[in-house]
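Asks: My structure is in start29.cif, and what it holds is mmCIF, C-alpha atoms and all ligand atoms:
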```
data_start
loop_
_atom_site.label_atom_id
_atom_site.label_comp_id
_atom_site.auth_asym_id
_atom_site.auth_seq_id
_atom_site.Cartn_x
_atom_site.Cartn_y
_atom_site.Cartn_z
CA MET A 23 -5.88 -19.68 13.59
CA LEU A 24 -2.27 -19.22 12.62
CA THR A 25 0.25 -20.58 15.13
CA ALA A 26 3.90 -19.74 15.80
CA GLU A 27 4.81 -23.33 14.88
CA GLN A 28 3.11 -23.07 11.48
CA ILE A 29 4.93 -19.82 10.74
CA ALA A 30 8.29 -21.28 11.79
CA ALA A 31 7.69 -24.27 9.50
CA ALA A 32 6.76 -21.97 6.60
CA ARG A 33 9.92 -19.91 7.12
CA ALA A 34 12.08 -23.04 7.06
CA ASP A 35 10.30 -24.30 3.91
CA LEU A 36 10.80 -20.95 2.16
CA ARG A 37 14.55 -21.27 2.58
CA ARG A 38 14.36 -24.56 0.66
CA GLY A 39 12.32 -23.11 -2.21
CA THR A 40 8.83 -24.08 -1.04
CA THR A 41 6.13 -21.45 -1.49
CA LEU A 42 4.09 -20.10 1.39
CA PRO A 43 1.38 -22.60 2.38
CA TYR A 44 -1.49 -22.39 -0.08
CA ALA A 45 -3.91 -22.21 2.88
CA TRP A 46 -2.48 -18.73 3.60
CA TYR A 47 -3.99 -17.50 0.33
CA ALA A 48 -7.55 -18.42 1.21
CA ASP A 49 -7.88 -18.07 4.96
CA GLU A 50 -9.78 -15.32 6.76
CA ALA A 51 -7.71 -15.84 9.96
CA VAL A 52 -4.45 -15.31 8.04
CA LEU A 53 -5.88 -12.13 6.53
CA THR A 54 -6.87 -10.85 9.98
CA ALA A 55 -3.29 -11.42 11.16
CA GLU A 56 -1.92 -9.73 8.01
CA ARG A 57 -4.09 -6.66 8.56
CA ALA A 58 -2.87 -6.25 12.15
CA GLY A 59 0.72 -7.45 11.79
CA ILE A 60 1.56 -6.16 8.30
CA PHE A 61 -0.74 -3.43 6.97
CA ALA A 62 -1.28 -1.67 10.31
CA ARG A 63 2.51 -1.63 10.74
CA SER A 64 3.69 -0.31 7.36
CA TRP A 65 4.04 3.00 5.57
CA HIS A 66 1.39 3.46 2.86
CA TYR A 67 1.45 5.62 -0.26
CA VAL A 68 -1.81 7.58 -0.35
CA GLY A 69 -1.41 10.26 -3.05
CA LEU A 70 0.34 13.44 -4.05
CA VAL A 71 0.72 16.11 -1.41
CA ASP A 72 -0.16 18.86 -3.90
CA GLN A 73 -3.68 17.40 -3.76
CA VAL A 74 -3.84 18.67 -0.16
CA GLU A 75 -2.14 22.02 -0.48
CA ARG A 76 -4.95 24.48 0.39
CA PRO A 77 -6.08 24.83 4.02
CA GLY A 78 -9.11 22.60 4.48
CA SER A 79 -8.21 20.23 1.65
CA VAL A 80 -8.75 16.56 2.42
CA LEU A 81 -7.54 13.33 0.81
CA ARG A 82 -9.18 10.07 1.81
CA ALA A 83 -7.44 6.69 1.65
CA ASP A 84 -8.30 3.13 2.54
CA LEU A 85 -5.33 1.12 3.80
CA ALA A 86 -6.38 -2.50 3.37
CA GLY A 87 -9.72 -1.67 4.97
CA LEU A 88 -8.39 0.89 7.44
CA PRO A 89 -9.86 4.32 6.61
CA VAL A 90 -7.57 7.35 6.99
CA VAL A 91 -7.73 10.95 5.84
CA LEU A 92 -5.09 13.63 5.25
CA VAL A 93 -6.17 17.16 6.18
CA ARG A 94 -4.33 20.46 5.62
CA GLY A 95 -4.97 22.60 8.67
CA ARG A 96 -5.67 26.34 8.78
CA ASP A 97 -2.14 26.60 10.22
CA GLY A 98 -0.73 24.99 7.05
CA VAL A 99 0.21 21.75 8.82
CA LEU A 100 -0.59 18.49 7.02
CA ARG A 101 -2.11 16.00 9.46
CA GLY A 102 -3.45 12.51 9.11
CA PHE A 103 -6.26 10.90 11.09
CA HIS A 104 -8.12 7.66 11.33
CA ASN A 105 -11.12 8.61 9.20
CA VAL A 106 -13.48 7.33 11.86
CA CYS A 107 -15.93 9.37 13.92
CA ARG A 108 -15.27 9.14 17.65
CA HIS A 109 -19.02 8.86 18.35
CA ARG A 110 -20.13 5.53 16.87
CA GLY A 111 -17.54 4.98 14.19
CA ALA A 112 -18.98 6.26 10.92
CA VAL A 113 -16.48 7.06 8.19
CA LEU A 114 -16.09 10.80 8.43
CA VAL A 115 -14.80 11.98 5.04
CA ARG A 116 -16.41 9.95 2.26
CA GLU A 117 -15.30 11.84 -0.85
CA ASP A 118 -11.86 10.98 -2.32
CA CYS A 119 -10.70 14.58 -2.02
CA GLY A 120 -12.13 18.06 -1.61
CA VAL A 121 -12.01 21.18 0.52
CA ARG A 122 -13.77 21.52 3.87
CA ASN A 123 -14.22 24.17 6.55
CA THR A 124 -14.75 21.50 9.18
CA LEU A 125 -15.07 17.72 9.28
CA GLN A 126 -18.70 17.01 10.06
CA CYS A 127 -19.96 13.46 10.45
CA HIS A 128 -22.92 12.55 8.26
CA TYR A 129 -24.52 10.38 10.97
CA HIS A 130 -25.24 12.62 13.99
CA ALA A 131 -23.28 15.74 12.97
CA TRP A 132 -20.40 15.59 15.41
CA THR A 133 -18.13 18.29 14.02
CA TYR A 134 -14.34 18.29 14.15
CA ASP A 135 -11.97 21.12 13.42
CA LEU A 136 -9.30 20.71 10.74
CA ASP A 137 -6.75 19.95 13.48
CA GLY A 138 -8.88 16.97 14.55
CA SER A 139 -10.28 18.45 17.76
CA LEU A 140 -13.97 17.90 18.44
CA ARG A 141 -15.65 21.27 18.08
CA ALA A 142 -19.30 20.36 18.64
CA ALA A 143 -21.50 17.37 19.36
CA PRO A 144 -25.27 17.94 19.28
CA ARG A 145 -26.91 17.56 22.74
CA ALA A 146 -23.53 17.32 24.48
CA ASP A 147 -24.91 19.84 27.01
CA ARG A 148 -27.42 17.17 28.18
CA GLU A 149 -24.61 14.73 29.09
CA SER A 150 -22.76 14.73 32.38
CA GLU A 151 -19.02 14.22 32.14
CA PHE A 152 -18.85 14.59 28.37
CA ASP A 153 -15.26 15.58 27.73
CA LYS A 154 -14.89 16.98 24.22
CA THR A 155 -11.12 17.17 24.57
CA ALA A 156 -10.93 13.37 24.88
CA ARG A 157 -12.95 12.79 21.69
CA GLY A 158 -10.76 14.34 19.03
CA LEU A 159 -9.82 12.37 15.93
CA VAL A 160 -7.07 9.83 16.40
CA GLN A 161 -3.91 10.90 14.62
CA VAL A 162 -1.75 8.81 12.28
CA ALA A 163 1.80 9.55 11.14
CA VAL A 164 2.27 11.45 7.84
CA ASP A 165 5.47 11.95 5.88
CA THR A 166 6.56 12.65 2.33
CA TRP A 167 9.11 11.54 -0.23
CA GLY A 168 9.25 14.33 -2.82
CA PRO A 169 5.66 14.89 -3.98
CA PHE A 170 4.44 11.55 -2.59
CA GLY A 171 2.39 11.45 0.62
CA PHE A 172 2.69 8.48 2.94
CA VAL A 173 0.73 7.44 6.03
CA TYR A 174 1.60 5.05 8.83
CA PRO A 175 -1.50 4.01 10.81
CA TRP A 176 0.05 4.59 14.25
CA PRO A 177 1.76 7.69 15.62
CA ASP A 178 4.86 5.71 16.68
CA ALA A 179 6.05 5.28 13.10
CA PRO A 180 9.57 4.45 12.05
CA ALA A 181 11.06 7.29 9.94
CA LEU A 182 9.82 7.08 6.34
CA ALA A 183 13.38 7.84 5.13
CA ASP A 184 14.62 4.74 6.99
CA TRP A 185 11.74 2.66 5.64
CA LEU A 186 12.50 3.66 2.02
CA GLY A 187 16.26 3.29 2.46
CA GLU A 188 18.15 3.77 -0.80
CA LEU A 189 15.01 3.61 -2.96
CA PRO A 190 14.77 7.40 -3.61
CA ALA A 191 18.44 7.41 -4.70
CA LEU A 192 17.85 4.45 -7.03
CA VAL A 193 14.84 6.18 -8.60
CA ALA A 194 16.97 9.32 -9.12
CA ASP A 195 19.75 7.17 -10.64
CA ALA A 196 17.18 5.71 -13.03
CA GLY A 197 16.82 9.21 -14.48
CA ILE A 198 13.66 10.28 -12.67
CA ASP A 199 13.39 13.65 -10.93
CA VAL A 200 10.33 12.96 -8.78
CA HIS A 201 9.81 16.70 -8.16
CA GLY A 202 9.44 17.27 -11.91
CA LEU A 203 6.71 14.67 -12.46
CA ARG A 204 3.08 15.64 -13.10
CA LEU A 205 0.09 13.45 -12.22
CA HIS A 206 -1.60 12.22 -15.41
CA HIS A 207 -4.32 10.02 -13.95
CA ARG A 208 -5.16 7.40 -11.33
CA VAL A 209 -6.31 3.93 -12.36
CA ARG A 210 -8.29 1.78 -9.93
CA TYR A 211 -8.70 -1.93 -10.47
CA SER A 212 -9.81 -5.10 -8.67
CA LEU A 213 -8.50 -8.64 -9.03
CA SER A 214 -10.13 -11.94 -8.05
CA CYS A 215 -7.17 -13.16 -6.03
CA ASN A 216 -5.43 -13.06 -2.72
CA TRP A 217 -3.28 -9.91 -2.47
CA LYS A 218 -0.06 -11.93 -2.06
CA ILE A 219 -0.55 -13.55 -5.49
CA ALA A 220 -0.74 -10.10 -7.11
CA VAL A 221 2.48 -9.09 -5.30
CA GLU A 222 4.29 -12.31 -6.17
CA ASN A 223 3.39 -12.00 -9.84
CA PHE A 224 5.04 -8.57 -9.82
CA LEU A 225 8.19 -9.95 -8.22
CA GLU A 226 9.45 -12.18 -11.00
CA CYS A 227 10.00 -11.95 -14.73
CA TYR A 228 10.39 -15.71 -15.16
CA HIS A 229 6.97 -15.53 -16.83
CA CYS A 230 7.76 -12.53 -19.06
CA ALA A 231 9.06 -14.35 -22.16
CA VAL A 232 6.09 -16.76 -22.01
CA ALA A 233 3.27 -14.42 -21.09
CA HIS A 234 4.36 -10.90 -22.10
CA PRO A 235 5.76 -11.05 -25.65
CA ALA A 236 5.62 -7.25 -26.14
CA PHE A 237 7.34 -6.60 -22.80
CA ALA A 238 10.03 -9.19 -23.57
CA ASP A 239 10.52 -7.56 -26.97
CA VAL A 240 11.16 -4.15 -25.39
CA MET A 241 13.38 -5.37 -22.51
CA ASP A 242 15.86 -8.19 -22.19
CA THR A 243 14.15 -10.52 -19.70
CA GLY A 244 16.76 -13.29 -19.93
CA PRO A 245 18.18 -14.59 -16.65
CA ASP A 246 21.62 -13.04 -17.18
CA ALA A 247 20.35 -9.62 -18.27
CA TYR A 248 17.30 -8.99 -16.10
CA ASN A 249 18.60 -7.94 -12.70
CA LEU A 250 16.77 -8.88 -9.50
CA GLN A 251 17.80 -7.41 -6.16
CA VAL A 252 16.39 -7.38 -2.65
CA ARG A 253 16.82 -4.68 -0.01
CA PRO A 254 15.47 -4.76 3.57
CA SER A 255 12.28 -2.84 2.70
CA PHE A 256 11.89 -3.31 -1.04
CA ALA A 257 12.62 -5.39 -4.12
CA TRP A 258 14.21 -3.93 -7.25
CA GLN A 259 14.19 -5.19 -10.84
CA ARG A 260 16.05 -3.75 -13.80
CA GLY A 261 15.48 -4.83 -17.38
CA PRO A 262 17.79 -3.27 -20.00
CA THR A 263 16.13 -2.00 -23.17
CA ARG A 264 16.77 -4.14 -26.25
CA PRO A 265 18.58 -2.30 -29.07
CA GLN A 266 16.34 -3.81 -31.75
CA GLN A 267 12.59 -4.02 -31.20
CA ARG A 268 9.79 -5.21 -33.41
CA GLY A 269 6.79 -3.92 -31.51
CA GLY A 270 6.09 -2.28 -28.16
CA TYR A 271 6.30 1.52 -28.03
CA PRO A 272 9.08 4.07 -28.73
CA THR A 273 11.69 3.52 -26.01
CA ALA A 274 14.23 6.18 -27.04
CA GLY A 275 14.68 8.77 -24.33
CA GLU A 276 16.27 9.65 -21.02
CA ILE A 277 15.35 6.34 -19.33
CA ASP A 278 17.44 3.47 -20.68
CA ALA A 279 15.94 0.55 -18.73
CA GLY A 280 12.74 -0.65 -17.15
CA GLN A 281 12.97 -0.44 -13.36
CA TYR A 282 10.36 -1.94 -11.08
CA PHE A 283 10.23 -1.66 -7.30
CA MET A 284 7.99 -3.22 -4.68
CA ILE A 285 8.11 -1.52 -1.29
CA TRP A 286 7.06 -4.15 1.23
CA PRO A 287 4.43 -5.22 1.61
CA SER A 288 2.65 -4.03 -1.54
CA ILE A 289 3.52 -0.60 -3.01
CA LYS A 290 4.45 -0.92 -6.68
CA ILE A 291 6.66 1.57 -8.52
CA ASN A 292 7.05 1.17 -12.27
CA ILE A 293 9.49 3.11 -14.46
CA ASN A 294 9.35 2.12 -18.12
CA PRO A 295 12.12 2.88 -20.61
CA GLY A 296 11.89 6.01 -22.74
CA ARG A 297 10.66 9.40 -21.55
CA PRO A 298 10.40 10.34 -17.84
CA ASN A 299 7.52 8.29 -16.40
CA MET A 300 6.55 6.58 -13.21
CA SER A 301 3.52 4.86 -11.78
CA ILE A 302 3.05 4.24 -8.08
CA GLY A 303 0.33 2.59 -6.01
CA PRO A 304 -0.56 -0.22 -3.64
CA VAL A 305 -2.42 -3.50 -3.85
CA TYR A 306 -4.59 -4.31 -0.84
CA PRO A 307 -6.73 -7.21 0.29
CA SER A 308 -10.45 -6.60 0.56
CA GLY A 309 -10.99 -10.25 1.52
CA PRO A 310 -8.95 -13.46 1.15
CA HIS A 311 -10.11 -13.79 -2.46
CA ARG A 312 -10.23 -10.14 -3.52
CA THR A 313 -7.60 -7.48 -4.18
CA GLU A 314 -8.15 -3.75 -4.68
CA ALA A 315 -5.45 -1.57 -6.19
CA PHE A 316 -4.69 1.78 -7.71
CA LEU A 317 -1.82 3.25 -9.71
CA ASP A 318 -1.02 6.94 -10.10
CA TYR A 319 0.60 7.58 -13.50
CA LEU A 320 3.03 10.49 -13.63
CA PHE A 321 5.09 11.92 -16.48
CA GLY A 322 7.74 14.57 -17.01
CA PRO A 323 6.32 17.97 -18.04
CA ASP A 324 7.68 17.75 -21.62
CA VAL A 325 6.54 14.24 -22.49
CA PRO A 326 4.25 14.38 -25.55
CA THR A 327 0.71 13.05 -25.35
CA ASP A 328 1.17 10.50 -28.13
CA TRP A 329 4.16 8.96 -26.30
CA ILE A 330 2.12 8.84 -23.08
CA ASP A 331 -0.77 7.14 -24.91
CA ALA A 332 1.56 4.55 -26.51
CA MET A 333 3.26 3.73 -23.21
CA ILE A 334 -0.05 3.43 -21.37
CA ALA A 335 -1.36 1.08 -24.09
CA PHE A 336 1.78 -1.05 -23.61
CA ASP A 337 1.32 -1.00 -19.84
CA ASP A 338 -2.38 -1.90 -20.13
CA GLN A 339 -1.54 -4.87 -22.33
CA VAL A 340 0.93 -6.21 -19.74
CA GLY A 341 -1.67 -5.62 -17.02
CA THR A 342 -4.35 -7.53 -18.93
CA GLU A 343 -1.96 -10.45 -19.44
CA ASP A 344 -1.04 -10.41 -15.74
CA ARG A 345 -4.68 -10.42 -14.62
CA GLU A 346 -5.26 -13.69 -16.42
CA LEU A 347 -2.18 -15.26 -14.79
CA ILE A 348 -2.92 -13.96 -11.31
CA GLU A 349 -6.55 -15.06 -11.28
CA SER A 350 -5.56 -18.47 -12.66
CA VAL A 351 -3.03 -18.92 -9.85
CA HIS A 352 -5.61 -17.92 -7.25
CA ARG A 353 -8.09 -20.49 -8.51
CA GLY A 354 -5.41 -23.19 -8.40
CA VAL A 355 -3.98 -22.24 -5.04
CA SER A 356 -7.23 -21.61 -3.17
CA GLY A 357 -8.98 -24.78 -4.34
CA GLY A 358 -7.56 -26.79 -1.44
CA GLY A 359 -6.19 -29.68 -3.50
CA LEU A 360 -2.48 -28.96 -2.99
CA ALA A 361 -0.59 -27.79 0.11
CA CYS A 362 2.15 -25.72 -1.52
CA GLY A 363 4.34 -25.20 -4.61
CA ARG A 364 8.04 -25.00 -5.39
CA PHE A 365 9.51 -21.75 -6.74
CA MET A 366 12.71 -21.32 -8.74
CA VAL A 367 15.11 -19.74 -6.29
CA ASP A 368 17.40 -18.16 -8.90
CA SER A 369 14.65 -16.50 -10.94
CA GLU A 370 12.15 -16.00 -8.12
CA LEU A 371 14.38 -14.89 -5.27
CA GLN A 372 12.15 -11.87 -4.65
CA LEU A 373 9.22 -14.19 -3.89
CA GLN A 374 11.39 -15.88 -1.32
CA ALA A 375 12.29 -12.50 0.22
CA PHE A 376 8.65 -11.36 0.22
CA GLY A 377 7.47 -14.60 1.83
CA ALA A 378 10.17 -14.29 4.48
CA TRP A 379 9.18 -10.67 5.20
CA VAL A 380 5.50 -11.59 5.50
CA ALA A 381 6.24 -14.60 7.71
CA GLU A 382 8.52 -12.57 9.96
CA ARG A 383 5.85 -9.89 10.45
CA LEU A 384 3.23 -12.52 11.22
CA ALA A 385 5.57 -14.20 13.71
CA ASP A 386 6.20 -10.84 15.43
CA HIS A 387 2.48 -10.14 15.51
CA ILE A 388 1.65 -13.49 17.08
CA SER A 389 4.44 -13.27 19.63
CA ALA A 390 3.22 -9.78 20.64
CA GLY A 391 0.00 -11.38 21.94
CA PRO A 392 -3.63 -10.68 21.21
CA THR A 393 -3.79 -7.04 22.38
CA PRO A 394 -2.24 -4.58 19.94
CA PRO A 395 -0.45 -1.62 21.50
CA ARG A 396 -2.68 1.42 21.83
CA PRO A 397 -1.96 4.75 20.19
CA PRO A 398 -0.98 7.43 22.72
CA SER A 399 -3.92 9.60 21.76
CA LEU A 400 -6.29 7.08 23.33
CA ALA A 401 -4.27 6.75 26.51
CA ASN A 402 -6.59 9.15 28.34
CA GLU A 403 -9.48 6.67 28.30
CA ARG A 404 -10.15 5.03 31.63
CA ARG A 405 -9.38 1.30 31.43
CA ASP A 406 -9.54 -1.50 33.94
CA GLU A 407 -6.67 -3.90 34.44
CA ASP A 408 -7.93 -6.18 31.63
CA GLY A 409 -7.77 -3.27 29.19
CA HIS A 410 -11.55 -2.73 28.97
CA VAL A 411 -12.82 0.83 28.72
CA GLN A 412 -14.55 1.84 31.95
CA LEU A 413 -17.84 3.57 31.50
CA SER A 414 -19.38 5.88 34.00
CA PRO A 415 -23.11 6.74 33.82
CA GLY A 416 -23.53 9.52 31.33
CA GLY A 417 -19.78 9.55 30.74
CA ASP A 418 -18.06 9.64 27.37
S1 LIG B 1 -21.21 8.30 14.20
FE1 LIG B 1 -20.45 10.26 13.75
S2 LIG B 1 -21.83 11.58 14.71
FE2 LIG B 1 -22.58 9.63 15.20
FE FE B 2 3.67 -10.05 -15.55
#
```
Please lay out the structure from this file as structure tokens.
Ligand code: FES
Ligand SMILES: [Fe+2]
Replies:
Amino acid sequence: MLTAEQIAAARADLRRGTTLPYAWYADEAVLTAERAGIFARSWHYVGLVDQVERPGSVLRADLAGLPVVLVRGRDGVLRGFHNVCRHRGAVLVREDCGVRNTLQCHYHAWTYDLDGSLRAAPRADRESEFDKTARGLVQVAVDTWGPFGFVYPWPDAPALADWLGELPALVADAGIDVHGLRLHHRVRYSLSCNWKIAVENFLECYHCAVAHPAFADVMDTGPDAYNLQVRPSFAWQRGPTRPQQRGGYPTAGEIDAGQYFMIWPSIKININPGRPNMSIGPVYPSGPHRTEAFLDYLFGPDVPTDWIDAMIAFDDQVGTEDRELIESVHRGVSGGGLACGRFMVDSELQLQAFGAWVAERLADHISAGPTPPRPPSLANERRDEDGHVQLSPGGD
């Protein structure tokens, strides 16, 4: 159980260059607090909106264990729902994407319309007081940045534009027209680590010269050249392309630097030097010791296939090198022998900012008390003064 005092101590330690407590990387109770205080209260990238263009098209996503689905209605409106049947909680849409006439549950065939309303429930006519209108799917907030679809798990979301801040402008300044990008493919991968270790590895290039020789050959990763910045909702890195390279891949093109963003808590955006390219995707916990992730790779329409293949090979090599580092750190940190580490504030300032953001969200979550606020769409349930749902015989 995480306490307010422990979080306050961790925040004070972070300011002095001490890492988050190593126990936070291996503890189920910390993960439970992170799911409720961080992932349930953040905007999530889920995919490209052109994947849900036709009426009836669906796009499923899993937000750190919280199932949601985007659905294009017959009226053309894009809606998002908790992908959870209002009968007994089965996951409703199980395919990644597709086209549906209705959303029918595979368990007992409750059937929802594309706008989330409950259309039919078998044997409902045998129930007294069964109110179909109170059993529609629970809505989540949906918004877009260019072609990118985002979901916030509660309807009372902050504006996505405020959440992203100046990030879209910085991506445009990097030479990327997000509207002109085409999806090449999605990569899914798993890591044997706590999710925060995967994020923290992304947030510094102190290890680049040691662990990524090809990357450090393409970009200047020295402390005076490689720029690290922190904004309220994201971190931003910029590595200028080296004029002379021995290996790597061809970096001539419209993009003159590597630019890497992390939208808190865990959405990565990578722009490599050369031709117009971008990859975007989250890392999520699936347990204290397991991380699930995906990356959507996009390229400008005129980028040749051989350039794409060379850049992806470069990216894969960096990813393979990072996996080894990340999983090594997790084994060291989660073993229980040491309480914490000491980061290098100058080169690892984004770790400090990430730790502070995480700790602040956890502190807010704990101070809010054990009962999370309820989405308005459930407000019509009858509840007693302790917040328990009141059941009437035969009622819904
Ligand atoms: S859980 Fe969906 S119909 Fe029963
Ligand atoms: Fe790395």
Asks: Can you work out which residues are within 9 Å of ligand LIG 1 (chain B), considering all atoms listed in the file, and then hand them over as a PDB file with C-alpha atoms, in the coordinates of the input?
Replies:
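Generated file (pocket_6.pdb):
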```pdb
ATOM      1  CA  VAL A 106     -13.480   7.330  11.860  1.00  0.00           C
ATOM      2  CA  CYS A 107     -15.930   9.370  13.920  1.00  0.00           C
ATOM      3  CA  ARG A 108     -15.270   9.140  17.650  1.00  0.00           C
ATOM      4  CA  HIS A 109     -19.020   8.860  18.350  1.00  0.00           C
ATOM      5  CA  ARG A 110     -20.130   5.530  16.870  1.00  0.00           C
ATOM      6  CA  GLY A 111     -17.540   4.980  14.190  1.00  0.00           C
ATOM      7  CA  ALA A 112     -18.980   6.260  10.920  1.00  0.00           C
ATOM      8  CA  VAL A 113     -16.480   7.060   8.190  1.00  0.00           C
ATOM      9  CA  LEU A 114     -16.090  10.800   8.430  1.00  0.00           C
ATOM     10  CA  GLN A 126     -18.700  17.010  10.060  1.00  0.00           C
ATOM     11  CA  CYS A 127     -19.960  13.460  10.450  1.00  0.00           C
ATOM     12  CA  HIS A 128     -22.920  12.550   8.260  1.00  0.00           C
ATOM     13  CA  TYR A 129     -24.520  10.380  10.970  1.00  0.00           C
ATOM     14  CA  HIS A 130     -25.240  12.620  13.990  1.00  0.00           C
ATOM     15  CA  ALA A 131     -23.280  15.740  12.970  1.00  0.00           C
ATOM     16  CA  TRP A 132     -20.400  15.590  15.410  1.00  0.00           C
ATOM     17  CA  THR A 133     -18.130  18.290  14.020  1.00  0.00           C
ATOM     18  CA  ALA A 143     -21.500  17.370  19.360  1.00  0.00           C
ATOM     19  CA  PRO A 144     -25.270  17.940  19.280  1.00  0.00           C
TER      20      PRO A 144
END
```
Asks: Taking only C-alpha atoms and all ligand atoms into account, name the residue in A:Phe321, A:Phe283, A:Tyr228, A:Tyr306 that is nearest to ligand FE 2 (chain B).
Replies: A:Tyr228
Asks: Using all atoms listed in the file, can you tell me which of A:Ser212, A:Ile60, A:Ala194, A:Gln372 comes closest to A:Gln259?
Replies: A:Gln372
Asks: Quick one: residues within 10 Å of A:Ser64, all atoms listed in the file counted, chain neighbours fewer than 2 positions away excluded, as a list in words?
Replies: Gly59, Ile60, Phe61, Ala62, His66, Tyr67, Leu85, Phe172, Val173, Tyr174, Pro175, Trp176, Ala179, Pro180, Leu182, Trp185, Ile285, Trp286, Pro287 and Ser288 of chain A
Asks: Store the residues picked out above in a file with C-alpha atoms, as a PDB file, in the frame of the given file.
Replies:
```
ATOM      1  CA  GLY A  59       0.720  -7.450  11.790  1.00  0.00           C
ATOM      2  CA  ILE A  60       1.560  -6.160   8.300  1.00  0.00           C
ATOM      3  CA  PHE A  61      -0.740  -3.430   6.970  1.00  0.00           C
ATOM      4  CA  ALA A  62      -1.280  -1.670  10.310  1.00  0.00           C
ATOM      5  CA  HIS A  66       1.390   3.460   2.860  1.00  0.00           C
ATOM      6  CA  TYR A  67       1.450   5.620  -0.260  1.00  0.00           C
ATOM      7  CA  LEU A  85      -5.330   1.120   3.800  1.00  0.00           C
ATOM      8  CA  PHE A 172       2.690   8.480   2.940  1.00  0.00           C
ATOM      9  CA  VAL A 173       0.730   7.440   6.030  1.00  0.00           C
ATOM     10  CA  TYR A 174       1.600   5.050   8.830  1.00  0.00           C
ATOM     11  CA  PRO A 175      -1.500   4.010  10.810  1.00  0.00           C
ATOM     12  CA  TRP A 176       0.050   4.590  14.250  1.00  0.00           C
ATOM     13  CA  ALA A 179       6.050   5.280  13.100  1.00  0.00           C
ATOM     14  CA  PRO A 180       9.570   4.450  12.050  1.00  0.00           C
ATOM     15  CA  LEU A 182       9.820   7.080   6.340  1.00  0.00           C
ATOM     16  CA  TRP A 185      11.740   2.660   5.640  1.00  0.00           C
ATOM     17  CA  ILE A 285       8.110  -1.520  -1.290  1.00  0.00           C
ATOM     18  CA  TRP A 286       7.060  -4.150   1.230  1.00  0.00           C
ATOM     19  CA  PRO A 287       4.430  -5.220   1.610  1.00  0.00           C
ATOM     20  CA  SER A 288       2.650  -4.030  -1.540  1.00  0.00           C
TER      21      SER A 288
END
```
Asks: Calculated over only C-alpha atoms, which of the candidates A:Ser356, A:Asn123, A:Thr41, A:Asn223 has the smallest distance to A:Gly341?
Replies: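 Under the stated criterion, the closest residue is A:Asn223.
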Asks: Measure the distance from atom CA of A:Arg260 to atom CA of A:Glu226 in Å and round it to one decimal.
Replies: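 Separation of atom CA of A:Arg260 and atom CA of A:Glu226: 11.1 Å.
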Asks: Check the smallest atom-to-atom distance from each of A:Cys227, A:Ile291, A:Val52, A:Ala34 to ligand FE 2 (chain B) using all atoms listed in the file, then report the winner.
Replies: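 Nearest to ligand FE 2 (chain B): A:Cys227.
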Asks: How many Å lie between atom CA of A:Glu50 and atom CA of A:Pro307, rounded to one decimal?
Replies: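 According to the coordinates, atom CA of A:Glu50 and atom CA of A:Pro307 are separated by 10.8 Å.
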Asks: Could you produce a table of the residues of chain A lying within 12 Å of ligand FE 2 (chain B), with the nearest pair of atoms per residue and their separation in Å rounded to one decimal, using all atoms listed in the file, ordered by chain and increasing residue number, as CSV?
Replies:
```
residue,atom,partner,partner_atom,distance
A:Ile219,CA,B:FE2,FE,11.5
A:Ala220,CA,B:FE2,FE,9.5
A:Val221,CA,B:FE2,FE,10.4
A:Glu222,CA,B:FE2,FE,9.7
A:Asn223,CA,B:FE2,FE,6.0
A:Phe224,CA,B:FE2,FE,6.1
A:Leu225,CA,B:FE2,FE,8.6
A:Glu226,CA,B:FE2,FE,7.7
A:Cys227,CA,B:FE2,FE,6.7
A:Tyr228,CA,B:FE2,FE,8.8
A:His229,CA,B:FE2,FE,6.5
A:Cys230,CA,B:FE2,FE,5.9
A:Ala231,CA,B:FE2,FE,9.6
A:Val232,CA,B:FE2,FE,9.6
A:Ala233,CA,B:FE2,FE,7.1
A:His234,CA,B:FE2,FE,6.6
A:Pro235,CA,B:FE2,FE,10.4
A:Ala236,CA,B:FE2,FE,11.1
A:Phe237,CA,B:FE2,FE,8.8
A:Ala238,CA,B:FE2,FE,10.3
A:Thr243,CA,B:FE2,FE,11.3
A:Tyr282,CA,B:FE2,FE,11.4
A:Asp337,CA,B:FE2,FE,10.3
A:Asp338,CA,B:FE2,FE,11.1
A:Gln339,CA,B:FE2,FE,10.0
A:Val340,CA,B:FE2,FE,6.3
A:Gly341,CA,B:FE2,FE,7.1
A:Thr342,CA,B:FE2,FE,9.1
A:Glu343,CA,B:FE2,FE,6.9
A:Asp344,CA,B:FE2,FE,4.7
A:Arg345,CA,B:FE2,FE,8.4
A:Glu346,CA,B:FE2,FE,9.7
A:Leu347,CA,B:FE2,FE,7.9
A:Ile348,CA,B:FE2,FE,8.8
```
Asks: Please compute the atom CA of A:Trp167-atom CA of A:Arg208 distance, one decimal, in Å.
Replies: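 Here the two named atoms are 18.5 Å from each other.
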Asks: Tell me which of A:Asp278, A:Leu140, A:Met284, A:Pro265 sits closest to A:Leu186, counting all atoms listed in the file.
Replies: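 Ranking A:Asp278, A:Leu140, A:Met284, A:Pro265 by distance to A:Leu186, first place goes to A:Met284.
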Asks: Rank nothing, just name the residue among A:Gly357, A:Gly202, A:Gly102, A:Gly95 nearest to A:Gly171, using all atoms listed in the file.
Replies: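 Residue with the minimum atom-to-atom distance to A:Gly171: A:Gly102.
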Asks: A:Glu349: which residues within 8 Å, counting all atoms listed in the file, same-chain residues fewer than 3 positions away excluded, as number ranges by chain?
Replies: A: 213-215, 345-346, 352-353
Asks: Near A:Trp329, counting all atoms listed in the file, which residues have an atom at most 12 Å away, once you skip same-chain residues fewer than 6 positions from it, shown as a PyMOL selection string?
Replies: chain A and resi 270-275+294-299+321-322+335-336
